[in-house]
Structures are given as structure tokens and as C-alpha cells.
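S.K.: I'd like to ask you about the structure that follows.
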Amino acid sequence: MLKKLNLKHFLFAFCACVFLSFTSCKEQETLVEAQKLTISEGFENPLGFYDSSPTFSWQLPVSEGVLSQSAYQIVVASSPELLPDHADLWNSEKQQTTQSTWVKYEGEALKSRQKVFWQVKYWNQDNEASKWSAVQNFELGLLNNSDWKAKWVGLDTAKDSIRGRGKVLIHKPQYLRKGFELTNDVTSARLYITSKGVFDVSINGENVSDDAMSPGFTTYDKRIETLTYDVTKLIESGQNTIGVELASGWYSGRLLWGTTPWDNTISPKVLAQLEITMSDGAKEIIVSDESWKGTTNGPLQFAEIYDGEIYNANLEMPNWTTNNFDDKDWTTVEVAALDDNVKLEPKRHTTVKGKIELVPQDMTSNDGVAVFDLKQNMVGVPVVNVPMKKGDTLKVRFAEMLSPDGSFYTKNYRSAHSTDYYIAAKDGDITYMPKFTFHGFRYVELSGFDASNEPSKDWVKGLVLYSDFDDNGTFASSHDKLNQLQSNIVWGLRGNFLDIPTDCPQRDERLGWTGDAQVFGPTSMFNADVYKFWASWLQSVREAQLEDGAIPWTVPDARGNKIGSSGWGDVGTIIPWKIYLRTGDVGFLEDNFEMMKQWVSYHELKSKNYISNMMSFSDWLQPFPENGNTRGDTSSSLIGTAFFAHSAKLTALTAQVLGEVKEQEKYEALYKKVAKAFDEKFFDETGKVKDVTETQTTYLLALAFDLLPESKIENAQNNLLRKLKEADYHLRTGFLGTPLLSKVLDDMGEIDLVYKLIFNETYPSWFYSINQGATTIWERWNSYSKTEGYNPMSMNSLNHYAYGAIGEWMYERIAGIAPLEAGYKVIKIAPQARQPLNSASASLNTPYGKVSSSWEIKDNSFFLDVTVPPNTSAIIEIPANTSEQFFVNGKAFKENKNLMLKEKAKAFYKLTAQPGSYKFQTIIK
């Protein structure tokens, strides 16, 4: 008995030792898995993805025990069943690093159509392992022209097109269709499609997507974007039909100059390739080719971006995208082969969609005309539901504002007709929404409806269109007008981020002006998730860049003049650097480094002895110009030289990040030479501008771009203050000077003055337009006045985001969230609280997670709530009377491993903080 007992104990002990040995070899995965897994510029499980060499990013969870990452492991496989232990495409193995963003894929080469699955796990600061994340995936689109078996198809609409404004060919919209038969059940189907023009596609009577204005606006002579749709559920065994509506869009429609590098007289065409996998494993491919048929005799008779649509319901073709339709009277399409000089690439940012629906807040009607007020200037299309009589024409007009007599103010639309027409085929209610146009408007006017009916506010809705991105941050304060300014900035962004960053959305322009983009880019990154949007547009900028390095005024280039403008073309250096600071993605700098260098070369080409003679739009729309010129009073040579130096400096900084030591030295030396020349040419020994007109912007450029020797800086700052005082402490800056104003004054310690400029009520100021009723940012500081009416200039957009650049300072300094290291790896939280504010707050989704800062002043106490996301740290600066004790989370402050006192000055505490949420309370009096 004793022997048996001892044996049992021995076996138990042996098994226990084996188990403990096994478990000690295999790390226990106890931590919560990684969150928000994305690839490249923030895509989540994309279909038809563009990037065969993606990067991987993830966020650590906000949970106990997770402060930072010490290591990660990524596994990538061709099937989810192979994860995590049998990854056949890539296993990064355990990497000892804090990096959790933009990790480059280093596995087996990926191919068109390939579906890829991946997971990640991390180890925290104590080397404890997380669980594996949920399996993520992405599916690549057609990456090469050689993947396409389809041909461009369409009707020759050029031969019978009409001549529109500016003698541009106006092509009639087309309806194209193809029937096909399948003899087996379908297990998978992908539609790869694009167009020269804009399209909408249906299969068997069902719309494939809710995308608008697809495929989008690119440098069409270099690249056309393609889209991929999963249409498995739309296709049946037996007969099927695909139908495409096609209109001119940006490709062959009317654009402002009409001198595009691509031939916009060519009729619109579509390229479609439907790839089907059958239940028995067989493959079927249906392509656009000679077998397709088309007509222009459909209900949509006219569609232009600037001018609107004409829809004739009498020409409707019921079921034309189904099998139950006879197309014997339709015409065989013309075909064209692919051009190898034009790349077909999957769309690299989100499509345009209807994102928000607005309803009228007020309505008036008189003599068969009804006017609907949405109370918000917006961009998109109306959705109308009105009673009509057979044969009557509904006319839908738009305006951003009304004239004093209540009539529509449309002078600022210039030649853009911006009107939609619907011709009724029967008596009764009709529903209509334009498809291949968009409008900028607050007001909608209807006429031509059945006047025997009393108009109702529910006759109209406004569908807001913009690229499909979400909000990225929030900002709020105790001041109603500052909150309205924030709203105006956001609505200006929504209105002008319709596939490309446009200057304005309503008149006969709507182009990607580079100057507007470079000043607003940083603010946009706070307000919206637009990294992929900018990355895509910067590809177009690279493609549009000319051989001598010039970057066109607009991208895509719709003008054809082969020259650049200082401050405008500098978008090629400023946007890459500014967005890198906010994302930390070195790959973005790698993509744009050559463009940056070429642009600096163009600056050199357009300079003599480092002094610029480049053409320039200068400080565009500066208020009160002495010379009466829209380009303002600041010397174009001074502006060009300043931006020459600045672009050289940014290129040097980029080279430093990329480890390009020789290039860094080269551009640092160039920057110093240009700065020296700038100083000697434009500033005297006292730090005062010489030989050119002295403006606020002359000093702002010199100080913001660090172009003066130390001995002159203080005098230049005083001269700037003098110019502001001469203007009764109002700005006198245009597009280029305004974004620099708040930062320069902040660096000077003049935060009270920045507050004064922002909170000014009189012209020119941000609140001036709000006092006149603005719900978006305006093109001009005085686009409209309640006392003087509208600015007499026809170039008078009431939705123009450039002056919204002040939003960057609102986030970074009023609320107090700024990156100290690229991508917010280290965050600065230092709110600048001033009257008339009692509180302000902001939140921002950084690459590492959500950071927030919210402050409030009550009596003699300052309250600050802060959230620092995992895998980051923060420097927090809190205003205080430091002779008094302060509190953290309701208790007297004591240093610990998460919160340490870095500096104690007379008027503030500075602390270092690890991830977490903190509530601070200090005495400020």
C-alpha cells in the first residue's frame, strides 16, 4: 500500500512538472488583443485594394496593465485557417520594438485579386503577451494594365454633341448594357470597373453601390482609378444583365480652362470586367467589348458638373438593366484598346457618397415658386418629392445666399448654370435626385410643380456628398461664435473634399487649387480621417509635376499653362512634411521625396542669386490692398524667396528622417544661402523691410520660416506688432499670410493678441463673416455684408476653406493638443486659456488612439481633464499659482511612475505623463 501511494505521488509530481515546464515555454496570452487594425493609410478590410506592399498598424487597448508595447508579431497568410501558427506569406517573428504603426510588409510578393489574411499580437511593457487579434483581411484589385481583358466601350457622342459655354463639347449621357448567361451557380463574383467620365452600374436591376461621381478625378493622362465590387449576391444562374449609365464628369465635361493635358473631346467610355467563380470551380469572365450595346435616347439627356442635369421621364426605359428588356433598337458600341501610357490602378482613397441628409428649416412660396432654406451651406444634390402634371418641367435652382429682396444670389456661380430640370411623364408625385452633377447651396428653389398643391417643407431634402471619411476630432468651447467658426471649418471641409481638395464647390471652377490645399491640410487632419485622401491627391500632384519640376496651379491640371506659383506649388513640400508630423508615416515622405527635390529645383530655376522671380499669386485676397490687386501688396519676389528657403528646409528635414545624409547637408546648405539672400535683399540692419511694400505678411514669412539672423528677430517681431497696431489689431493677411499669423504670434508669447484677432467682431476677421450669417468659411473676408451687400467681384465663393486654417491653432493651443514627435508618439498638452473663454475641449484620433484635453475655469480654479492613449507619452503644461498645492484625480499630487513633475515655474506646472486618464485641479489666482 505504501509503495502504491508513493508511486501515485511520484506520477502526479512528474506530470505536474511536465505541465509546468510546457506552460513556462509557451507564454500565457492574457492581455486584451490589439484594437483598430488597419493597413497602409488607414484602410480596414478593404476590397479592391491598391497596395501590394502594405504597412500594418494597430492600437493597444485602453485596459489595465497596458501602457506601452515592448514587442509585436505579425502573421500573414493566404487563408484564415493557416493563422496564426502556419502563416504561409509572412511571419515577422517577435520584434522587440515599440512600433505599432506603419510596419512594412516583408513577405511573399502579393498579386492582383489575391485575398490576404493577417493577425497581430503584442507584448506590453512587462513583456506580457496579448491574445492574437481577430483575423483581418484585404483583397487586392487589378494592379496592372495587363490584368485587364476588357476594352474601352461607348458611343461616339462627340459627333452629335452640342457646344456648351466656352465652346466646349457637351456629350449626351449614355446607357450601355450587356446580357450574358451562366450555366451553373455562382460562388464568387467581382466586378472591376472604371470609366473615362463618371458612371453608375447595375446588375439585374439592382444598383451595385451607393457611390457617387465614380471613379473620381485624377491626372487622366497618367492614371485612371478603378473600383472593385463584390457582386456575388446580384448574379444568378441563367440569364443576367449588366447596365451602365455614363456621363462626361471631369474627364470630358466642361472645366474652367478646358485645356487639359488629356483629350477631353473624346467621348466618355467605360471599362468593365466581371470575373465569376462557379460552384464547380470554373471561371467565367464577362468583359466590355464589341458585344455591348448603347443608346443616348434615355431619360438623362444632359449632365454636366457645372450646369446640372436634364431628366426627361418620358424617355424612361423600365427594366433596362434587367433581362426583360428588348435592346434591338440600341446601337453597337465603339471600342478602344487600353493605352499603356495611362495606368489603371485601384482607387487609393474612399469614393464619394451621400453622407448627411439635411431638411429645410424654413420655406416660402409665391406664384408657383417655392424656396427652401436648409440653414446650412452644403455641397451635394437635392432629393425632391413633388406633385407634377404630365409634360410640365420642374426647375430646380440653387443659391448659397439670398439677395436683400429675397431673390437668389447666383452671380458668384459665374457661368455655372447649376440648375436641374425634370420633365414629368404623368400626373402625380415624382421623386428625383440628380446623379452626375453636384451643387453648392443653402437654398433650393422649385418651380414648375403642380401649383394646385400647397408646397410643403418635406418636398426637398439636401443630400450632402463628400469622400467617404469619418470625423477625426472634436472641438468645443464656451463661446457660441467660436463654436460656429469650428462648424464653418468642418462644413467647408465637407464641401470641398469631393474626391479632390477643391477651392470652391459651386461656380465654374471646383478645381484642386494647390495653394488652398497647402494652407488647410493640417487643419483637415484634425477634423477628419483624411490621410488616405491626401495620399491619393499627392500621387496626382506627383503625376502632374512637369519635367522642370513645376507643380501646376491646379491638380489635376485643368489649365495647361506650364508654370508654377510660389506658395501654391510649395504644396509639394509642405503637405508631405505636415502630414508626416501628424501620422508618423515615413513611407509618405519616401513617396514624395523626389517630388520635393524637383520642386526645390524649380525654385532654383526661377531664381537669380537665390532671389526668386517665380510667378506668384502672392498673398491672395489680402484685405485693403493699397495696390488694389487681388494678389495683395506683399512682394511676389519676397514671397517666392521665402518659400524657396522654406521648401529647401523641409526637404532637408525629410532627408534627415529618411537617413539621406548627403541630401540633408545639400538642402540645409541651400536653405541657409537662400535665407541669407532673403535677409540681405529685403531687410535692413534694424530688422525692417526695405525696398518693397511693408506688410504683415512680409514679417510673418521672415519669422515663420526662420529667415533672419538672431540679431534682427526681436526688431522684426516689434515691426510686426507695429503693423498690427496700425491696423487696429486686425489682420491684413491673405491666403499665405493668414495661416502663419497665429503661430508666429504664439512663438513671440503674444497669445493674448492671437485671442484678440480670433475674437474680433469687425472686418476683417473670422467672426465678421459669422455676424453676416456665414455657415461655412468664405473666399473673401468681406464676401457679404448686411449693410453693403455682396462683394462686387464675381469670384466670391461662400464655401472656401483656406481661411479655416486657423482651426489648427484652435486644436493645438486653445484646446492644447499637439504632436511633439511625429504621429503623436509624444504629445504636448498645453491649453492656453484666455478670456472670453471659460472652457474648451478637443479630442483627436491619433495613430495610437484617442487623445483628449478638456479645460474649465471656475472661480479661482483651473480644471483640466486629459486622456493619453497607450504606447505614447505626454508633456502636460497646466496654468497654476505654483505656490499652491494642486490635485490629480481628487488627491494632492504625488509623483509616481505614471506622472512626474518636469518643471515648476511661476505660472505653470509641467509634467510628464504615461498613458491614462487624469483630472487636474490647480489654483490660478
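Just so we're on the same page: first chain in the C-alpha cells is A, next is B, and so on; residues restart at 1 for each chain, and ligands are numbered from 1 in the order they show up.
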Quick one: residues within 8 Å of A:Met213, only C-alpha atoms, excluding same-chain residues fewer than 2 positions away - as a list in words?

M.R.: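 Once the adjacent positions are removed, what remains is Val198, Phe199, Asp211, Pro215, Gly216, Gly249, Val352, Lys435, Phe436 and Thr437 of chain A.
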
S.K.: Need the shell around A:Leu358: protein/DNA/RNA residues with any atom at most 12 Å away, counting only C-alpha atoms. Skip same-chain ones fewer than 5 positions apart. Format as a list in words?

M.R.: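 Neighbouring residues, sequence-local ones excluded: Phe372, Asp373, Leu374, Lys375, Gln376, Asn377, Met378, Val379, Gly380, Val381, Pro382, Val383, Phe441, Arg442, Tyr443, Val444, Lys457, Asp458, Val460, Lys461, Gly462, Leu463, Val464 and Leu465 of chain A.
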
S.K.: Would you please work out which residue, of A:Gly141, A:Gly659, A:Gly391, A:Gly823, is nearest to A:Leu581 when using only C-alpha atoms?

M.R.: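 Closest candidate: A:Gly823.
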
S.K.: From the list A:Ala905, A:Met748, A:Ala648, A:Met525, which residue is nearest A:Asn715 when using only C-alpha atoms?

M.R.: A:Met748

S.K.: Set the distance at 9 Å and use only C-alpha atoms: which residues neighbour A:Ala655 once local chain neighbours fewer than 5 positions away are removed? I'd like the list as a PyMOL selection string.

M.R.: chain A and resi 589+593+650+660-665+667

S.K.: Go ahead and save the residues from that selection, with C-alpha atoms, as a compact mmCIF listing (two decimals), in the first residue's frame.

M.R.:
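out-v5.txt written:
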# COMPACT_ATOMS: atom_id res chain seq x y z
CA LEU A 589 7.92 61.00 -47.07
CA PHE A 593 10.83 62.93 -51.57
CA LEU A 650 11.55 70.95 -45.35
CA GLU A 660 19.83 60.60 -46.62
CA VAL A 661 22.81 62.38 -45.05
CA LYS A 662 24.30 63.93 -48.20
CA GLU A 663 20.90 65.16 -49.35
CA GLN A 664 20.27 66.60 -45.90
CA GLU A 665 23.56 68.52 -46.00
CA TYR A 667 19.42 71.17 -48.73

S.K.: Have a look at A:Trp809, A:Trp781, A:Phe526, A:Phe862 and name the one nearest to A:Lys850; count only C-alpha atoms.

M.R.: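 Closest to A:Lys850, using only C-alpha atoms: A:Phe526.
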
S.K.: Find the residue from A:Met900, A:Val744, A:Val201, A:Leu837 that sits nearest to A:Asp706; use only C-alpha atoms when measuring.

M.R.: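 Among the listed residues, the smallest separation from A:Asp706 belongs to A:Val744.
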
S.K.: Skip A:Ile242 itself and residues of its chain fewer than 2 positions away, then list as a PyMOL selection string all residues within 10 Å of it, counting only C-alpha atoms.

M.R.: chain A and resi 176-180+201-208+235+240+244+272+274+286+292+320-323

S.K.: Do you have the atom CA of A:Thr218-atom CA of A:Gly243 distance handy?

M.R.: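 Taking atom CA of A:Thr218 and atom CA of A:Gly243, their separation equals 24.2 Å.
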
S.K.: Which residues, written as an MDAnalysis selection string, have at least one atom at most 8 Å from stretch 470-478 of chain A, with only C-alpha atoms counted and residues fewer than 6 positions away on the same chain left out?

M.R.: chainID A and resid 486 525:529 811 815 837:845

S.K.: Select from stretch 766-861 of chain A every residue with an atom at most 12 Å from any atom of stretch 61-78 of chain A, then for each give the shortest pair of atoms and their distance in Å to one decimal, using only C-alpha atoms, rows by chain and rising number, as JSON lines.

M.R.:
{"residue": "A:Lys825", "atom": "CA", "partner": "A:Ser68", "partner_atom": "CA", "distance": 10.9}
{"residue": "A:Tyr848", "atom": "CA", "partner": "A:Pro61", "partner_atom": "CA", "distance": 9.6}
{"residue": "A:Gly849", "atom": "CA", "partner": "A:Pro61", "partner_atom": "CA", "distance": 8.6}
{"residue": "A:Lys850", "atom": "CA", "partner": "A:Val62", "partner_atom": "CA", "distance": 9.6}
{"residue": "A:Val851", "atom": "CA", "partner": "A:Val62", "partner_atom": "CA", "distance": 11.5}

S.K.: Hey, what's within 9 Å of A:Val135 if we count only C-alpha atoms and toss same-chain stuff fewer than 2 positions away? As a ChimeraX atom specification, please?

M.R.: /A:80,83,117-120,132-133,137

S.K.: Check stretch 579-806 of chain A with DSSP on the backbone and list each residue it calls strand (DSSP E or B), as a VMD selection string.

M.R.: chain A and resid 607 to 608 611 to 612 683 689 784 to 785 789 to 790

S.K.: Leaving out A:Tyr422 and any residue of its chain fewer than 3 positions from it, which residues lie within 9 Å of it when counting only C-alpha atoms, given as a list in words?

M.R.: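 Returned residues: Glu309, Ile310, Tyr311, Asn312, Ala313, Asp392, Thr393, Leu394, Lys395, Val396 and Tyr432 of chain A.
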
S.K.: Residues as selected, N, CA and C atoms, written as a PDB file, in the first residue's frame, can you do that?

M.R.:
ATOM      1  N   GLU A 309     -28.473  68.965 -64.563  1.00  0.00           N
ATOM      2  CA  GLU A 309     -29.000  67.859 -65.358  1.00  0.00           C
ATOM      3  C   GLU A 309     -30.342  68.211 -65.982  1.00  0.00           C
ATOM      4  N   ILE A 310     -30.647  67.489 -67.062  1.00  0.00           N
ATOM      5  CA  ILE A 310     -31.992  67.493 -67.645  1.00  0.00           C
ATOM      6  C   ILE A 310     -32.450  66.044 -67.694  1.00  0.00           C
ATOM      7  N   TYR A 311     -33.534  65.761 -66.973  1.00  0.00           N
ATOM      8  CA  TYR A 311     -34.065  64.395 -66.905  1.00  0.00           C
ATOM      9  C   TYR A 311     -35.477  64.402 -67.471  1.00  0.00           C
ATOM     10  N   ASN A 312     -35.691  63.634 -68.536  1.00  0.00           N
ATOM     11  CA  ASN A 312     -36.992  63.556 -69.204  1.00  0.00           C
ATOM     12  C   ASN A 312     -37.613  62.201 -68.908  1.00  0.00           C
ATOM     13  N   ALA A 313     -38.552  62.185 -67.986  1.00  0.00           N
ATOM     14  CA  ALA A 313     -39.166  60.918 -67.582  1.00  0.00           C
ATOM     15  C   ALA A 313     -39.938  60.254 -68.711  1.00  0.00           C
ATOM     16  N   ASP A 392     -45.149  68.823 -67.789  1.00  0.00           N
ATOM     17  CA  ASP A 392     -44.572  70.014 -67.171  1.00  0.00           C
ATOM     18  C   ASP A 392     -43.098  69.767 -66.810  1.00  0.00           C
ATOM     19  N   THR A 393     -42.352  70.872 -66.681  1.00  0.00           N
ATOM     20  CA  THR A 393     -40.934  70.792 -66.345  1.00  0.00           C
ATOM     21  C   THR A 393     -40.690  71.401 -64.976  1.00  0.00           C
ATOM     22  N   LEU A 394     -40.166  70.579 -64.100  1.00  0.00           N
ATOM     23  CA  LEU A 394     -39.754  71.068 -62.785  1.00  0.00           C
ATOM     24  C   LEU A 394     -38.369  71.688 -62.919  1.00  0.00           C
ATOM     25  N   LYS A 395     -38.238  72.897 -62.441  1.00  0.00           N
ATOM     26  CA  LYS A 395     -36.957  73.599 -62.470  1.00  0.00           C
ATOM     27  C   LYS A 395     -36.438  73.698 -61.042  1.00  0.00           C
ATOM     28  N   VAL A 396     -35.195  73.238 -60.837  1.00  0.00           N
ATOM     29  CA  VAL A 396     -34.593  73.234 -59.506  1.00  0.00           C
ATOM     30  C   VAL A 396     -33.352  74.118 -59.539  1.00  0.00           C
ATOM     31  N   TYR A 432     -37.058  62.669 -57.511  1.00  0.00           N
ATOM     32  CA  TYR A 432     -35.912  62.887 -58.407  1.00  0.00           C
ATOM     33  C   TYR A 432     -34.696  63.307 -57.589  1.00  0.00           C
TER      34      TYR A 432
END

S.K.: Using the chain letters and numbers from this document, which residues of stretch 407-555 of chain A does DSSP assign to alpha helix (DSSP H), as JSON, numbers by chain?

M.R.: {"A": [480, 481, 482, 483, 484, 485, 486, 487, 488, 489, 490, 491, 492, 493, 494, 495, 496, 514, 515, 516, 517, 518, 519, 520, 521, 522, 523, 524, 525, 526, 527, 531, 532, 533, 534, 535, 536, 537, 538, 539, 540, 541, 542, 543, 544]}

S.K.: Any chance you could export the current selection's N, CA and C atoms as a tab-separated table (two decimals), in the first residue's frame?

M.R.:
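For reference, again17.tsv as written:
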chain	number	residue	atom	x	y	z
A	480	ASP	N	-20.17	80.75	-28.25
A	480	ASP	CA	-21.02	80.32	-29.36
A	480	ASP	C	-20.39	80.62	-30.72
A	481	LYS	N	-19.78	81.79	-30.85
A	481	LYS	CA	-19.23	82.15	-32.16
A	481	LYS	C	-17.98	81.35	-32.48
A	482	LEU	N	-17.19	81.03	-31.47
A	482	LEU	CA	-16.04	80.16	-31.73
A	482	LEU	C	-16.52	78.77	-32.15
A	483	ASN	N	-17.59	78.30	-31.53
A	483	ASN	CA	-18.16	77.01	-31.94
A	483	ASN	C	-18.71	77.09	-33.35
A	484	GLN	N	-19.28	78.23	-33.72
A	484	GLN	CA	-19.77	78.40	-35.09
A	484	GLN	C	-18.60	78.42	-36.07
A	485	LEU	N	-17.49	79.04	-35.67
A	485	LEU	CA	-16.30	79.02	-36.52
A	485	LEU	C	-15.84	77.59	-36.75
A	486	GLN	N	-15.82	76.78	-35.68
A	486	GLN	CA	-15.45	75.38	-35.84
A	486	GLN	C	-16.41	74.67	-36.79
A	487	SER	N	-17.69	74.93	-36.65
A	487	SER	CA	-18.68	74.33	-37.55
A	487	SER	C	-18.44	74.78	-38.99
A	488	ASN	N	-18.14	76.06	-39.18
A	488	ASN	CA	-17.88	76.57	-40.52
A	488	ASN	C	-16.66	75.90	-41.14
A	489	ILE	N	-15.63	75.66	-40.33
A	489	ILE	CA	-14.43	74.97	-40.82
A	489	ILE	C	-14.78	73.56	-41.27
A	490	VAL	N	-15.55	72.85	-40.45
A	490	VAL	CA	-15.91	71.46	-40.78
A	490	VAL	C	-16.77	71.41	-42.04
A	491	TRP	N	-17.73	72.32	-42.15
A	491	TRP	CA	-18.59	72.31	-43.33
A	491	TRP	C	-17.84	72.76	-44.59
A	492	GLY	N	-16.85	73.64	-44.42
A	492	GLY	CA	-16.00	73.98	-45.56
A	492	GLY	C	-15.20	72.79	-46.04
A	493	LEU	N	-14.74	71.98	-45.09
A	493	LEU	CA	-14.02	70.76	-45.43
A	493	LEU	C	-14.93	69.79	-46.18
A	494	ARG	N	-16.11	69.54	-45.62
A	494	ARG	CA	-17.05	68.62	-46.27
A	494	ARG	C	-17.41	69.09	-47.67
A	495	GLY	N	-17.56	70.39	-47.82
A	495	GLY	CA	-17.98	70.91	-49.11
A	495	GLY	C	-16.91	70.87	-50.17
A	496	ASN	N	-15.65	70.79	-49.77
A	496	ASN	CA	-14.57	70.87	-50.74
A	496	ASN	C	-13.65	69.66	-50.76
A	514	THR	N	-3.74	74.29	-55.59
A	514	THR	CA	-2.69	73.81	-54.70
A	514	THR	C	-2.44	74.74	-53.52
A	515	GLY	N	-2.59	76.05	-53.72
A	515	GLY	CA	-2.37	76.99	-52.63
A	515	GLY	C	-3.38	76.81	-51.51
A	516	ASP	N	-4.64	76.66	-51.87
A	516	ASP	CA	-5.69	76.43	-50.88
A	516	ASP	C	-5.40	75.16	-50.09
A	517	ALA	N	-4.96	74.13	-50.81
A	517	ALA	CA	-4.71	72.83	-50.17
A	517	ALA	C	-3.57	72.91	-49.16
A	518	GLN	N	-2.49	73.61	-49.52
A	518	GLN	CA	-1.33	73.60	-48.63
A	518	GLN	C	-1.58	74.36	-47.33
A	519	VAL	N	-2.47	75.34	-47.35
A	519	VAL	CA	-2.70	76.08	-46.11
A	519	VAL	C	-3.71	75.38	-45.20
A	520	PHE	N	-4.57	74.56	-45.78
A	520	PHE	CA	-5.65	73.95	-44.99
A	520	PHE	C	-5.35	72.51	-44.59
A	521	GLY	N	-4.37	71.87	-45.22
A	521	GLY	CA	-4.10	70.46	-44.97
A	521	GLY	C	-3.99	70.09	-43.50
A	522	PRO	N	-3.17	70.78	-42.70
A	522	PRO	CA	-3.04	70.40	-41.30
A	522	PRO	C	-4.35	70.46	-40.53
A	523	THR	N	-5.15	71.49	-40.74
A	523	THR	CA	-6.43	71.61	-40.05
A	523	THR	C	-7.35	70.47	-40.44
A	524	SER	N	-7.32	70.08	-41.69
A	524	SER	CA	-8.20	68.99	-42.13
A	524	SER	C	-7.89	67.70	-41.40
A	525	MET	N	-6.62	67.47	-41.08
A	525	MET	CA	-6.22	66.23	-40.42
A	525	MET	C	-6.77	66.16	-38.99
A	526	PHE	N	-6.99	67.30	-38.36
A	526	PHE	CA	-7.61	67.31	-37.04
A	526	PHE	C	-9.09	66.95	-37.13
A	527	ASN	N	-9.73	67.45	-38.15
A	527	ASN	CA	-11.18	67.36	-38.19
A	527	ASN	C	-11.72	66.11	-38.86
A	531	TYR	N	-6.26	61.04	-44.17
A	531	TYR	CA	-4.89	60.69	-44.59
A	531	TYR	C	-4.89	60.03	-45.96
A	532	LYS	N	-5.76	59.05	-46.16
A	532	LYS	CA	-5.79	58.37	-47.47
A	532	LYS	C	-6.21	59.33	-48.58
A	533	PHE	N	-7.06	60.29	-48.24
A	533	PHE	CA	-7.49	61.30	-49.21
A	533	PHE	C	-6.29	62.12	-49.69
A	534	TRP	N	-5.46	62.60	-48.74
A	534	TRP	CA	-4.28	63.39	-49.11
A	534	TRP	C	-3.24	62.53	-49.83
A	535	ALA	N	-3.06	61.30	-49.39
A	535	ALA	CA	-2.07	60.44	-50.03
A	535	ALA	C	-2.43	60.21	-51.49
A	536	SER	N	-3.70	60.04	-51.77
A	536	SER	CA	-4.15	59.84	-53.15
A	536	SER	C	-3.94	61.11	-53.97
A	537	TRP	N	-4.32	62.26	-53.41
A	537	TRP	CA	-4.18	63.51	-54.18
A	537	TRP	C	-2.71	63.83	-54.40
A	538	LEU	N	-1.84	63.56	-53.42
A	538	LEU	CA	-0.41	63.81	-53.61
A	538	LEU	C	0.15	62.95	-54.73
A	539	GLN	N	-0.41	61.76	-54.94
A	539	GLN	CA	0.01	60.98	-56.11
A	539	GLN	C	-0.33	61.73	-57.39
A	540	SER	N	-1.50	62.35	-57.44
A	540	SER	CA	-1.87	63.15	-58.61
A	540	SER	C	-0.93	64.34	-58.77
A	541	VAL	N	-0.51	64.94	-57.64
A	541	VAL	CA	0.43	66.06	-57.72
A	541	VAL	C	1.75	65.58	-58.32
A	542	ARG	N	2.24	64.44	-57.88
A	542	ARG	CA	3.48	63.90	-58.44
A	542	ARG	C	3.33	63.64	-59.94
A	543	GLU	N	2.18	63.12	-60.33
A	543	GLU	CA	1.95	62.81	-61.74
A	543	GLU	C	1.81	64.08	-62.58
A	544	ALA	N	1.31	65.15	-61.96
A	544	ALA	CA	1.11	66.40	-62.70
A	544	ALA	C	2.38	67.23	-62.78

S.K.: Let me make sure I understand: among A:Arg510, A:Ser785, A:Asp429, A:Leu700, which one has the smallest atom-to-atom distance to A:Met401 if we use only C-alpha atoms?

M.R.: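 The answer is A:Ser785, which sits nearest to A:Met401.
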
S.K.: Figure out the distance between atom CA of A:Ile857 and atom CA of A:Ile923, please, to one decimal in Å.

M.R.: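 About the pair atom CA of A:Ile923 and atom CA of A:Ile857: they are 9.8 Å apart.
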